[in-house]
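Shown next, in structure tokens, is the structure this report addresses.
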There are 2 protein chains.
Amino acid sequence: MPVYKAPLRDMKFLLNEVMDFESHYASLSNGGEATPDMVDAILSECARLSEEVIAPLYRSGDEEGCTLENGQVKTPKGYKEAYEEYRQGGWQGLSHPVEYGGQGLPVSLALLKQEMMGTADWSFGMYPGLSTGAMNTILLHGTEEHRQTYLIPLTEGRWGGTMCLTEPQCGTDLGQVKTRAEAGEDGSYKLTGSKMFISSGDHDLTENIVHIVLARLPDAPKGTRGISLFIVPKYLPNADGGVGEFNNVSCSSLEYKMGIKASATCVINFDEAKGFLIGPPNQGLECMFTFMNTARIGTAIQGVASAERSYQGSLAYAKDRRSMRALSGKKEPEQVADAIIHHGDVRRMLLTQKAIAEGGRAMLYYAVKMADHMVCGHLENDEKKAERADDKLGFLTPILKGFLTELGCEAAYHGMQVFGGHGYIREHGMEQIARDARIATLYEGTTGIQALDLLGRKVLLLTQGKAVREFTGTIANYARKYLRNKEMRPYAMRMLKLAGQWNWLTIRIGMVARKDRDMVATASFDFLMYSGYCFMAFMWMRMAVVAQEKLENGGAESPDFYRAKLATAEFYFEKILPRAQAHATTMLAPTSSVMQMDQEHFVFE
Amino acid sequence: MPVYKAPLRDMKFLLNEVMDFESHYASLSNGGEATPDMVDAILSECARLSEEVIAPLYRSGDEEGCTLENGQVKTPKGYKEAYEEYRQGGWQGLSHPVEYGGQGLPVSLALLKQEMMGTADWSFGMYPGLSTGAMNTILLHGTEEHRQTYLIPLTEGRWGGTMCLTEPQCGTDLGQVKTRAEAGEDGSYKLTGSKMFISSGDHDLTENIVHIVLARLPDAPKGTRGISLFIVPKYLPNADGGVGEFNNVSCSSLEYKMGIKASATCVINFDEAKGFLIGPPNQGLECMFTFMNTARIGTAIQGVASAERSYQGSLAYAKDRRSMRALSGKKEPEQVADAIIHHGDVRRMLLTQKAIAEGGRAMLYYAVKMADHMVCGHLENDEKKAERADDKLGFLTPILKGFLTELGCEAAYHGMQVFGGHGYIREHGMEQIARDARIATLYEGTTGIQALDLLGRKVLLLTQGKAVREFTGTIANYARKYLRNKEMRPYAMRMLKLAGQWNWLTIRIGMVARKDRDMVATASFDFLMYSGYCFMAFMWMRMAVVAQEKLENGGAESPDFYRAKLATAEFYFEKILPRAQAHATTMLAPTSSVMQMDQEHFVFE
């Protein structure tokens with residue numbers, strides 16, 4: 001079974017050497033305490049928690065799963081104790097305001113925490129992750145009373161939280177939500193309805209659970225403009241802030257899922273449960289959207305987590321398992337056969353995993369910097385800068401979510417292949433990684449939804465291509481600086497070409513789409529994947545540039561680390577990036593090739 | 001849960017309209033009885049068996065799985081009854097010689113049977129599938145006594161069979177096999193050792209199980225040239241052909257797998273079990289190889305089966321589930337939202353599944369024609385023709401196995417995506433298809449092994465590129481005929497280009513490989529996938545040509561069927577085939593990009 005080791009060397013390379021988080025934190029209103037020493041200490045302690053406390057639950061949690069007994073969900077053995085250690089460490093409030101019980105640090109640190117905990121055991125991380133969603137909602141849209149009553153116990157980790165959006169008839173199309181909220185006498189509401197796919201909907205880790213529920217007021221307009229947001233606790237709070245009366249919020253069943261089996265996915269029924277309106281009536285969906293970027297980046301992390309965990313597992317096996325001889329001659333003549341890491345095709349798979357894990361991590365860190373003015377920090381005296389960061393993050397988010405979760409699945413897939421038949425059995429843990437990874441392309445909006453959000457909304461509708469122009473401008477400006485650097489010149493040339501092509505493709509699609517709206521739908525997936533490969537290439541070039549500089553300056557403590565970075569960058573550009581060209585071709589295919597078939601003619605008997 | 005409907009219309013289109021199986025069967029020594037009426041009757045009856053008897057076991061078999069009780073494996077509820085109906089229908093002997101209890105029909109019919117049964121429930125089909133492996137071994141390499149004693153009850157389906165190759169330390173590298181066979185006094189041997197991953201290694205469907213076991217004689221040379229093949233029954237046969245004494249062959253455990261849970265994957269222990277040498281001593285591996293093509297095509301079928309089953313499931317859902325409005329305007333204004341089949345990106349996924357299922361089926365049928373002189377038929381008076389068919393089949397087999405199983409996984413993946421979050425839960429059956437599909441890229445040689453077999457062995461070593469020259473010649477000759485056909489000309493041009501490029505790539509790789517053997521390993525996967533996309537394109541062009549002709553002749557009974565074929569061909573060429581160009585680029589990447597990193601530098605802590 002794969003053991004998890006937090007990739008601290010790689011994380012610090014990105015934070016300190018590639019992306020200069022030190023000055024970034026110094027520029028934040030709440031970044032003062034995030035000194036390099038403090039960040040180091042947080043990362044080390046989080047690594048310990050993840051490696052020693054959480055990772056050991058990974059397989060047993062999958063085998064045992066959650067159970068529903070007398071209407072109460074039981075998490076797998078060990079979850080309670082691990083959660084208690086997590087809670088006592090003050091991790092839940094890491095990036096939430098001090099006045100509500102948090103530590104007030106930049107949100108990027110919470111995302112690094114989420115990466116490590118999630119790689120150790122994604123199911124475990126789901127519980128605090130959903131609480132964070134509820135916390136953000138209350139922090140941004142709740143009243144001071146809501147914050148005092150609900151945010152504080154959530155931030156302290158004493159209570160858990162959920163987001164109750166999906167119903168049987170709708171997930172993406174939330175305008176179809178049917179759960180009703182009727183005004184009570186005391187300004188509260190009575191909620192009735194059934195929600196499904198509610199992650200952490202019920203569990204035994206906390207004494208109370210605070211549900212954030214989308215529901216419809218009696219006089220609400222139809223569709224998405226008639227949805228309001230409510231706080232509905234499982235138990236009503238006491239006057240002293242403790243847990244009071246049961247609020248008719250019950251879990252009627254658990255879903256049997258392909259993976260993340262230790263994460264409780266519940267059907268939650270509200271039977272005239274008392275709820276409290278949060279945000280303006282009928283603007284619930286807009287309130288949700290304000291932090292959807294953070295939630296989606298949270299899911300993007302799962303792609304990197306799957307790639308990292310799978311890579312660590314298959315790398316260990318590839319060094320250990322002996323089979324056949326390398327084509328270029330015996331590598332370990334004293335052994336019965338060569339370790340499979342000597343075989344070219346096994347290396348191709350390992351390097352693909354490595355390129356995805358490390359390239360994906362770089363993409364994430366690049367983006368989380370832009371998220372740091374959100375939640376509780378803000379960029380000092382610079383609202384415009386914050387807005388620009390928001391726009392950029394809005395553009396990058398669907399790429400991160402869509403592309404990284406797809407590539408996370410691919411990496412987990414390679415992990416199984418490296419193991420051969422052993423990859424398919426539970427014993428080695430590789431098939432679990434693949435099963436767990438698969439949810440990430442589905443929840444928080446499927447890949448198809450991310451693709452539409454990217455191309456249809458962020459690129460064409462909201463910015464008329466400006467989002468692409470700006471980001472490719474950033475890439476081109478960076479690349480140009482290295483045109484005269486002998487080693488980096490090939491990468492610089494490739495990036496300049498891609499920057500141009502990315503813009504050109506955007507214009508082409510925009511022109512077709514003006515006459516034929518279907519173009520947005522039929523091109524969107526390819527546009528998303530193309531964008532992802534370009535973005536990842538940009539990150540690999542940046543990492544290669546730093547590695548090259550370190551090696552040239554001779555002062556590197558670990559030259560092998562930098563050489564490996566250069567080798568992986570080369571692999572990425574040679575063996576992975578060319579896929580972008582296939583997407584560039586297929587995204588321009590005529591819409592008729594997708595749309596012309598009558599839906600009745602998809603099958604004949 | 002998806003229901004299975006055998007795609008008889010599509011199967012007959014290929015058999016009768018595209019590939020003229022009628023004259024093919026007429027040219028076979030054992031094809032006389034395979035008249036169109038007879039083939040129709042067989043297909044219909046097999047479809048009924050698959051749809052009504054086997055398909056209903058799909059989900060319950062997965063949920064229950066196999067269990068081991070007191071050393072005896074129990075298959076899931078309903079398997080015994082379904083197997084009995086299968087056995088009584090004489091299906092096991094469909095393509096095996098009449099003199100050993102079979103029906104003597106061409107082997108391609110057995111593969112069509114396997115497709116339908118396997119799509120209904122791949123786990124179920126594993127049991128007769130493994131028996132077929134044992135039957136072929138005994139038929140081709142056993143003595144007349146072996147055939148009388150073992151082949152007859154196997155052909156009648158009264159006994160089951162297995163192939164016992166893998167051991168804990170080796171799967172691909174069978175030279176490492178340790179199971180020992182010591183000569184007994186009566187000409188038999190005593191086998192001792194442990195085999196793992198033995199599909200159908202034990203079960204309760206038949207009264208006896210005949211294991212074909214790879215083991216090492218005491219004086220055997222090291223490595224692959226010291227492996228011999230033995231028949232080792234679970235129970236020794238009686239003098240009257242019945243089941244006698246227990247032969248010390250026991251199942252010590254079952255593997256807990258990601259999928260195909262109703263297929264028993266056993267650890268089988270031989271404790272001085274009596275065995276009978278089959279084939280010459282120390283040539284066991286060669287004996288195995290003689291029918292490896294058929295076994296690998298059998299696995300390739302799983303790719304098509306996964307694609308077909310997943311497609312059927314997601315198509316039904318896409319017509320039923322309503323979410324959002326189509327970008328080009330409301331399609332079903334009277335409904336709360338449009339069915340998701342109206343969304344471009346959902347169509348992209350459905351059409352990808354369709355293109356894979358139907359294109360993959362065409363690839364299979366193209367190949368199984370060449371397998372028809374094997375097992376019990378032969379090409380009348382034409383040994384050279386048989387040899388040529390063998391060579392061609394040898395070239396196409398790793399493409400079919402490697403490429404179709406990878407694309408089967410992709411199709412199953414799309415099936416889940418179409419369902420959104422519902423794709424991840426057991427209720428709808430889509431995640432099971434994806435879990436079941438994943439074994440196909442692993443067993444019978446991983447995709448990486450297929451790729452090496454294709455490029456290293458079949459293309460470069462054995463034929464110095466001739467295999468590619470011949471197949472691309474076939475493609476080019478076909479394509480040239482349609483250069484003046486207005487509708488088909490674009491496809492013809494594309495195919496001619498691909499035929500040329502495929503050869504050119506082969507030559508390039510061959511030249512590099514002469515100096516740098518690693519090239520074979522680092523290019524092999526891309527070469528395999530490239531070959532697959534070209535082969536599938538050839539099939540889609542052939543199907544398009546027939547559809548076009550039928551429509552032009554006006555006599556088509558079902559013009560919509562042919563129009564859908566043309567639309568799917570267009571989709572394939574526009575939206576899928578361009579991937580081949582990415583593989584063409586990456587296969588030529590310098591070996592250094594894959595081989596240069598020291599194995600110690602794959603990770604840093």
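As shown in the structure tokens, the chain order sets the letters A, B, ...; within each chain, residues go from 1, and ligands are also counted from 1 in the order they appear.
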
Enumerate the residues of range 82-115 of chain B with a DSSP assignment of alpha helix (DSSP H), computed from the backbone, and present them as a list in words.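 Alpha helix (DSSP H) members of range 82-115 of chain B, listed: Ala82, Tyr83, Glu84, Glu85, Tyr86, Arg87, Gln88, Val107, Ser108, Leu109, Ala110, Leu111, Leu112, Lys113, Gln114 and Glu115 of chain B.
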
Residue neighbourhood Asp271 in chain A, 7 Å, only C-alpha atoms, exclusion window fewer than 5 positions, as a PDB file with all heavy atoms, in the first residue's frame:
```
ATOM      1  N   LEU A 191     -38.109  25.048   6.482  1.00  0.00           N
ATOM      2  CA  LEU A 191     -37.677  24.441   5.226  1.00  0.00           C
ATOM      3  C   LEU A 191     -38.153  23.003   5.106  1.00  0.00           C
ATOM      4  O   LEU A 191     -38.026  22.218   6.057  1.00  0.00           O
ATOM      5  CB  LEU A 191     -36.151  24.485   5.094  1.00  0.00           C
ATOM      6  CG  LEU A 191     -35.638  25.814   4.524  1.00  0.00           C
ATOM      7  CD1 LEU A 191     -35.497  26.842   5.633  1.00  0.00           C
ATOM      8  CD2 LEU A 191     -34.367  25.628   3.749  1.00  0.00           C
ATOM      9  N   THR A 192     -38.673  22.687   3.912  1.00  0.00           N
ATOM     10  CA  THR A 192     -39.137  21.338   3.660  1.00  0.00           C
ATOM     11  C   THR A 192     -38.672  20.912   2.272  1.00  0.00           C
ATOM     12  O   THR A 192     -38.888  21.623   1.288  1.00  0.00           O
ATOM     13  CB  THR A 192     -40.677  21.265   3.725  1.00  0.00           C
ATOM     14  OG1 THR A 192     -41.082  21.728   5.010  1.00  0.00           O
ATOM     15  CG2 THR A 192     -41.172  19.840   3.510  1.00  0.00           C
ATOM     16  N   GLY A 193     -38.046  19.764   2.228  1.00  0.00           N
ATOM     17  CA  GLY A 193     -37.568  19.257   0.946  1.00  0.00           C
ATOM     18  C   GLY A 193     -36.474  18.244   1.152  1.00  0.00           C
ATOM     19  O   GLY A 193     -36.087  17.940   2.280  1.00  0.00           O
ATOM     20  N   ASN A 248     -35.172  18.610  12.995  1.00  0.00           N
ATOM     21  CA  ASN A 248     -35.847  17.893  11.895  1.00  0.00           C
ATOM     22  C   ASN A 248     -35.029  17.872  10.605  1.00  0.00           C
ATOM     23  O   ASN A 248     -35.558  18.009   9.502  1.00  0.00           O
ATOM     24  CB  ASN A 248     -37.229  18.481  11.619  1.00  0.00           C
ATOM     25  CG  ASN A 248     -38.159  18.289  12.795  1.00  0.00           C
ATOM     26  OD1 ASN A 248     -38.050  17.297  13.525  1.00  0.00           O
ATOM     27  ND2 ASN A 248     -39.044  19.259  13.010  1.00  0.00           N
ATOM     28  N   VAL A 249     -33.737  17.745  10.750  1.00  0.00           N
ATOM     29  CA  VAL A 249     -32.843  17.556   9.598  1.00  0.00           C
ATOM     30  C   VAL A 249     -32.299  16.147   9.728  1.00  0.00           C
ATOM     31  O   VAL A 249     -31.605  15.841  10.697  1.00  0.00           O
ATOM     32  CB  VAL A 249     -31.671  18.547   9.637  1.00  0.00           C
ATOM     33  CG1 VAL A 249     -30.755  18.314   8.446  1.00  0.00           C
ATOM     34  CG2 VAL A 249     -32.184  19.983   9.662  1.00  0.00           C
TER      35      VAL A 249
END
```

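When only C-alpha atoms are used to compute distances to chain A, the closest of the residues B:Thr299, B:Thr294, B:Thr446, B:Ser531 turns out to be B:Thr446.
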
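The shortest atom-to-atom distance to chain A, with only C-alpha atoms taken into account, belongs to B:Phe525 out of B:Tyr530, B:Phe535, B:Phe13, B:Phe525.
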
Would you kindly report the residues of chain A within 6 Å of chain B, using only C-alpha atoms, as a PyMOL selection string? chain A and resi 7+9+173+256-258+323-324+327-328+344-345+420-421+424-426+442+517-518+521-522+570-571+574-575+578-579+582+586+589+593+605

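In this structure, CA of Ser188 in chain A sits 14.6 Å away from CA of Thr149 in chain A.
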
Could you name the residues that touch Pro218 in chain A at 7 Å or less, counting only C-alpha atoms, but leaving out those on the same chain fewer than 2 positions away, as number ranges by chain? A: 181-182, 216, 220

Would you mind exporting N, CA and C atoms of the selected residues as a compact mmCIF listing (two decimals), in the first residue's frame?
```txt
# COMPACT_ATOMS: atom_id res chain seq x y z
N ALA A 181 -39.15 27.12 1.42
CA ALA A 181 -38.90 27.79 2.70
C ALA A 181 -40.08 28.71 2.96
N GLU A 182 -40.77 28.46 4.04
CA GLU A 182 -41.92 29.31 4.37
C GLU A 182 -41.62 30.13 5.61
N ARG A 216 -36.49 27.70 -2.03
CA ARG A 216 -37.33 28.63 -2.77
C ARG A 216 -38.39 29.23 -1.83
N ALA A 220 -41.32 33.26 -4.76
CA ALA A 220 -40.10 33.41 -5.55
C ALA A 220 -40.36 33.28 -7.04
```

Taking 6 positions as the minimum chain separation for residues in the same chain, which residues sit within 9 Å of Leu43 in chain B when counting only C-alpha atoms? Answer as JSON, numbers by chain. {"B": [8, 109, 112, 113, 116]}

Please list as a PyMOL selection string every residue within 12 Å of Tyr235 in chain B, counting only C-alpha atoms and excluding residues in the same chain fewer than 4 positions away. chain B and resi 150+159-160+202+206-211+231+241-250+273-275

Please list as an MDAnalysis selection string every residue within 9 Å of Tyr127 in chain A, counting only C-alpha atoms and excluding residues in the same chain fewer than 5 positions away. chainID A and resid 83 132 160:162 199:200 203 205 263:264

So that I can see what lies close to Gly102 in chain A, please list as a PyMOL selection string the residues with an atom at most 12 Å from it, counting only C-alpha atoms and leaving out residues fewer than 5 positions away in the same chain. chain A and resi 87+89-97+107+110+132+135+139+151-157+375-376

Keeping only N, CA, C and O atoms, write the selected residues as a tab-separated table (two decimals), in the first residue's frame.
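Final file, out_15.tsv:
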```tsv
chain	number	residue	atom	x	y	z
A	87	ARG	N	-8.64	19.20	14.83
A	87	ARG	CA	-9.38	20.31	15.43
A	87	ARG	C	-8.56	20.99	16.52
A	87	ARG	O	-8.43	22.22	16.55
A	89	GLY	N	-5.47	21.14	16.79
A	89	GLY	CA	-4.34	21.87	16.21
A	89	GLY	C	-4.74	23.24	15.66
A	89	GLY	O	-3.89	23.99	15.19
A	90	GLY	N	-6.04	23.53	15.68
A	90	GLY	CA	-6.50	24.83	15.20
A	90	GLY	C	-6.46	24.95	13.68
A	90	GLY	O	-6.50	26.04	13.12
A	91	TRP	N	-6.42	23.81	12.98
A	91	TRP	CA	-6.26	23.85	11.52
A	91	TRP	C	-7.47	24.39	10.80
A	91	TRP	O	-7.35	24.98	9.72
A	92	GLN	N	-8.66	24.18	11.37
A	92	GLN	CA	-9.85	24.58	10.62
A	92	GLN	C	-9.91	26.11	10.44
A	92	GLN	O	-10.41	26.58	9.43
A	93	GLY	N	-9.40	26.84	11.41
A	93	GLY	CA	-9.48	28.30	11.32
A	93	GLY	C	-8.24	28.96	10.76
A	93	GLY	O	-8.10	30.18	10.85
A	94	LEU	N	-7.37	28.18	10.16
A	94	LEU	CA	-6.07	28.69	9.70
A	94	LEU	C	-6.19	30.02	8.95
A	94	LEU	O	-5.45	30.96	9.21
A	95	SER	N	-7.13	30.09	8.03
A	95	SER	CA	-7.25	31.28	7.18
A	95	SER	C	-8.53	32.04	7.42
A	95	SER	O	-9.01	32.73	6.52
A	96	HIS	N	-9.10	31.89	8.60
A	96	HIS	CA	-10.33	32.63	8.88
A	96	HIS	C	-10.07	33.65	9.99
A	96	HIS	O	-9.12	33.53	10.75
A	97	PRO	N	-10.93	34.67	10.05
A	97	PRO	CA	-10.61	35.84	10.89
A	97	PRO	C	-10.39	35.50	12.36
A	97	PRO	O	-11.09	34.65	12.92
A	107	VAL	N	-5.32	32.76	2.73
A	107	VAL	CA	-6.09	31.58	2.33
A	107	VAL	C	-5.24	30.57	1.58
A	107	VAL	O	-5.51	29.36	1.60
A	110	ALA	N	-4.24	27.71	3.67
A	110	ALA	CA	-5.29	26.70	3.88
A	110	ALA	C	-5.36	25.76	2.68
A	110	ALA	O	-5.65	24.57	2.83
A	132	THR	N	-15.55	24.44	5.49
A	132	THR	CA	-14.98	25.69	4.98
A	132	THR	C	-15.96	26.38	4.05
A	132	THR	O	-16.11	27.61	4.08
A	135	MET	N	-18.45	28.03	6.20
A	135	MET	CA	-17.82	29.17	6.88
A	135	MET	C	-17.72	30.38	5.96
A	135	MET	O	-18.02	31.51	6.34
A	139	LEU	N	-19.40	33.93	6.54
A	139	LEU	CA	-18.51	35.08	6.69
A	139	LEU	C	-18.85	36.18	5.68
A	139	LEU	O	-18.92	37.36	6.01
A	151	LEU	N	-20.43	30.82	12.88
A	151	LEU	CA	-19.07	30.85	12.33
A	151	LEU	C	-18.03	30.46	13.38
A	151	LEU	O	-17.07	29.74	13.07
A	152	ILE	N	-18.24	30.92	14.59
A	152	ILE	CA	-17.23	30.62	15.62
A	152	ILE	C	-17.10	29.11	15.88
A	152	ILE	O	-16.00	28.57	15.78
A	153	PRO	N	-18.20	28.40	16.18
A	153	PRO	CA	-18.01	26.94	16.38
A	153	PRO	C	-17.51	26.22	15.13
A	153	PRO	O	-16.81	25.20	15.25
A	154	LEU	N	-17.86	26.74	13.94
A	154	LEU	CA	-17.34	26.13	12.71
A	154	LEU	C	-15.84	26.34	12.61
A	154	LEU	O	-15.08	25.43	12.26
A	155	THR	N	-15.41	27.57	12.88
A	155	THR	CA	-14.00	27.91	12.76
A	155	THR	C	-13.17	27.12	13.78
A	155	THR	O	-12.04	26.70	13.50
A	156	GLU	N	-13.77	26.91	14.92
A	156	GLU	CA	-13.06	26.12	15.93
A	156	GLU	C	-13.13	24.62	15.64
A	156	GLU	O	-12.50	23.82	16.33
A	157	GLY	N	-13.90	24.27	14.62
A	157	GLY	CA	-14.00	22.85	14.25
A	157	GLY	C	-14.91	22.06	15.18
A	157	GLY	O	-15.00	20.85	15.05
A	375	VAL	N	-11.66	35.90	1.23
A	375	VAL	CA	-12.02	35.31	2.52
A	375	VAL	C	-11.71	36.28	3.66
A	375	VAL	O	-12.58	36.99	4.12
A	376	CYS	N	-10.46	36.34	4.13
A	376	CYS	CA	-10.29	37.32	5.21
A	376	CYS	C	-9.17	38.30	4.97
A	376	CYS	O	-9.08	39.32	5.62
```

State, in Å with one decimal place, the distance from CA of Gly31 in chain A to CA of Lys369 in chain A. 11.5 Å

Separation of CA of Met495 in chain A from CA of Val368 in chain A, in Å and rounded to one decimal: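 One can read the CA of Met495 in chain A to CA of Val368 in chain A distance as 22.5 Å.
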
Can you list every residue in range 225-258 of chain A that DSSP puts in strand (DSSP E or B), as a PyMOL selection string? chain A and resi 227-233+235-237+243-246+249-254+257

Please, could you write that set of residues out with N, CA and C atoms as a PDB file, in the first residue's frame?
```pdb
ATOM      1  N   ILE A 227     -34.058  31.633  -6.049  1.00  0.00           N
ATOM      2  CA  ILE A 227     -33.430  30.727  -5.094  1.00  0.00           C
ATOM      3  C   ILE A 227     -32.809  31.554  -3.978  1.00  0.00           C
ATOM      4  N   SER A 228     -33.096  31.154  -2.748  1.00  0.00           N
ATOM      5  CA  SER A 228     -32.524  31.860  -1.606  1.00  0.00           C
ATOM      6  C   SER A 228     -31.657  30.908  -0.797  1.00  0.00           C
ATOM      7  N   LEU A 229     -30.852  31.511   0.082  1.00  0.00           N
ATOM      8  CA  LEU A 229     -29.862  30.743   0.827  1.00  0.00           C
ATOM      9  C   LEU A 229     -30.228  30.787   2.307  1.00  0.00           C
ATOM     10  N   PHE A 230     -30.139  29.623   2.970  1.00  0.00           N
ATOM     11  CA  PHE A 230     -30.514  29.540   4.376  1.00  0.00           C
ATOM     12  C   PHE A 230     -29.467  28.786   5.191  1.00  0.00           C
ATOM     13  N   ILE A 231     -29.358  29.197   6.441  1.00  0.00           N
ATOM     14  CA  ILE A 231     -28.605  28.409   7.411  1.00  0.00           C
ATOM     15  C   ILE A 231     -29.602  27.508   8.112  1.00  0.00           C
ATOM     16  N   VAL A 232     -29.336  26.206   8.068  1.00  0.00           N
ATOM     17  CA  VAL A 232     -30.233  25.263   8.748  1.00  0.00           C
ATOM     18  C   VAL A 232     -29.374  24.295   9.565  1.00  0.00           C
ATOM     19  N   PRO A 233     -29.294  24.521  10.869  1.00  0.00           N
ATOM     20  CA  PRO A 233     -28.460  23.619  11.679  1.00  0.00           C
ATOM     21  C   PRO A 233     -29.190  22.313  11.964  1.00  0.00           C
ATOM     22  N   TYR A 235     -28.930  20.691  14.823  1.00  0.00           N
ATOM     23  CA  TYR A 235     -29.504  21.007  16.137  1.00  0.00           C
ATOM     24  C   TYR A 235     -29.530  22.520  16.292  1.00  0.00           C
ATOM     25  N   LEU A 236     -30.622  23.044  16.794  1.00  0.00           N
ATOM     26  CA  LEU A 236     -30.697  24.494  17.003  1.00  0.00           C
ATOM     27  C   LEU A 236     -29.741  24.886  18.131  1.00  0.00           C
ATOM     28  N   PRO A 237     -29.090  26.039  17.990  1.00  0.00           N
ATOM     29  CA  PRO A 237     -28.156  26.450  19.035  1.00  0.00           C
ATOM     30  C   PRO A 237     -28.917  26.853  20.294  1.00  0.00           C
ATOM     31  N   VAL A 243     -25.396  23.094  21.962  1.00  0.00           N
ATOM     32  CA  VAL A 243     -26.277  22.367  21.061  1.00  0.00           C
ATOM     33  C   VAL A 243     -27.614  22.130  21.730  1.00  0.00           C
ATOM     34  N   GLY A 244     -28.679  22.602  21.071  1.00  0.00           N
ATOM     35  CA  GLY A 244     -30.011  22.446  21.653  1.00  0.00           C
ATOM     36  C   GLY A 244     -30.848  21.402  20.951  1.00  0.00           C
ATOM     37  N   GLU A 245     -32.073  21.782  20.718  1.00  0.00           N
ATOM     38  CA  GLU A 245     -33.107  20.913  20.180  1.00  0.00           C
ATOM     39  C   GLU A 245     -32.815  20.404  18.748  1.00  0.00           C
ATOM     40  N   PHE A 246     -33.231  19.176  18.448  1.00  0.00           N
ATOM     41  CA  PHE A 246     -33.129  18.596  17.110  1.00  0.00           C
ATOM     42  C   PHE A 246     -34.025  19.376  16.151  1.00  0.00           C
ATOM     43  N   VAL A 249     -33.737  17.745  10.750  1.00  0.00           N
ATOM     44  CA  VAL A 249     -32.843  17.556   9.598  1.00  0.00           C
ATOM     45  C   VAL A 249     -32.299  16.147   9.728  1.00  0.00           C
ATOM     46  N   SER A 250     -32.673  15.285   8.783  1.00  0.00           N
ATOM     47  CA  SER A 250     -32.267  13.890   8.968  1.00  0.00           C
ATOM     48  C   SER A 250     -31.648  13.309   7.711  1.00  0.00           C
ATOM     49  N   CYS A 251     -30.789  12.355   7.920  1.00  0.00           N
ATOM     50  CA  CYS A 251     -30.154  11.656   6.807  1.00  0.00           C
ATOM     51  C   CYS A 251     -30.915  10.367   6.581  1.00  0.00           C
ATOM     52  N   SER A 252     -31.526  10.223   5.391  1.00  0.00           N
ATOM     53  CA  SER A 252     -32.341   9.032   5.165  1.00  0.00           C
ATOM     54  C   SER A 252     -31.567   7.932   4.455  1.00  0.00           C
ATOM     55  N   SER A 253     -30.499   8.297   3.750  1.00  0.00           N
ATOM     56  CA  SER A 253     -29.679   7.223   3.172  1.00  0.00           C
ATOM     57  C   SER A 253     -28.324   7.743   2.752  1.00  0.00           C
ATOM     58  N   LEU A 254     -27.404   6.798   2.580  1.00  0.00           N
ATOM     59  CA  LEU A 254     -26.054   7.094   2.099  1.00  0.00           C
ATOM     60  C   LEU A 254     -25.927   6.565   0.684  1.00  0.00           C
ATOM     61  N   LYS A 257     -20.908   4.659  -3.433  1.00  0.00           N
ATOM     62  CA  LYS A 257     -20.156   5.312  -4.506  1.00  0.00           C
ATOM     63  C   LYS A 257     -18.981   4.468  -4.994  1.00  0.00           C
TER      64      LYS A 257
END
```

For the contact check between range 350-421 of chain B and range 303-306 of chain B, emit one row per residue of range 350-421 of chain B within 10 Å, containing the shortest atom pair and the distance in Å rounded to one decimal, counting only C-alpha atoms, chain then rising number order, as a tab-separated table.
```
residue	atom	partner	partner_atom	distance
B:Gln353	CA	B:Ser306	CA	9.5
B:Ile356	CA	B:Val304	CA	7.2
B:Ala357	CA	B:Val304	CA	5.2
B:Glu358	CA	B:Val304	CA	7.9
B:Gly359	CA	B:Val304	CA	8.7
B:Gly360	CA	B:Val304	CA	5.8
B:Arg361	CA	B:Val304	CA	6.2
B:Ala362	CA	B:Val304	CA	9.8
B:Met363	CA	B:Val304	CA	9.7
B:Leu364	CA	B:Val304	CA	8.6
B:Leu400	CA	B:Gly303	CA	8.9
B:Lys401	CA	B:Gly303	CA	8.0
B:Gly402	CA	B:Gly303	CA	9.2
B:Phe403	CA	B:Gly303	CA	8.4
B:Leu404	CA	B:Gly303	CA	5.0
B:Thr405	CA	B:Gly303	CA	4.1
B:Glu406	CA	B:Gly303	CA	7.1
B:Leu407	CA	B:Gly303	CA	6.6
B:Gly408	CA	B:Gly303	CA	4.0
B:Cys409	CA	B:Gly303	CA	7.0
B:Glu410	CA	B:Ser306	CA	9.2
B:Ala411	CA	B:Ser306	CA	7.2
B:Ala412	CA	B:Ser306	CA	6.2
B:Tyr413	CA	B:Ser306	CA	9.8
B:Gly415	CA	B:Ser306	CA	9.8
```

Counting only C-alpha atoms, the option among A:Asp391, A:Glu145, A:Glu549, A:Glu286 closest to Phe471 in chain A: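 Distance minimum relative to Phe471 in chain A lands on A:Asp391.
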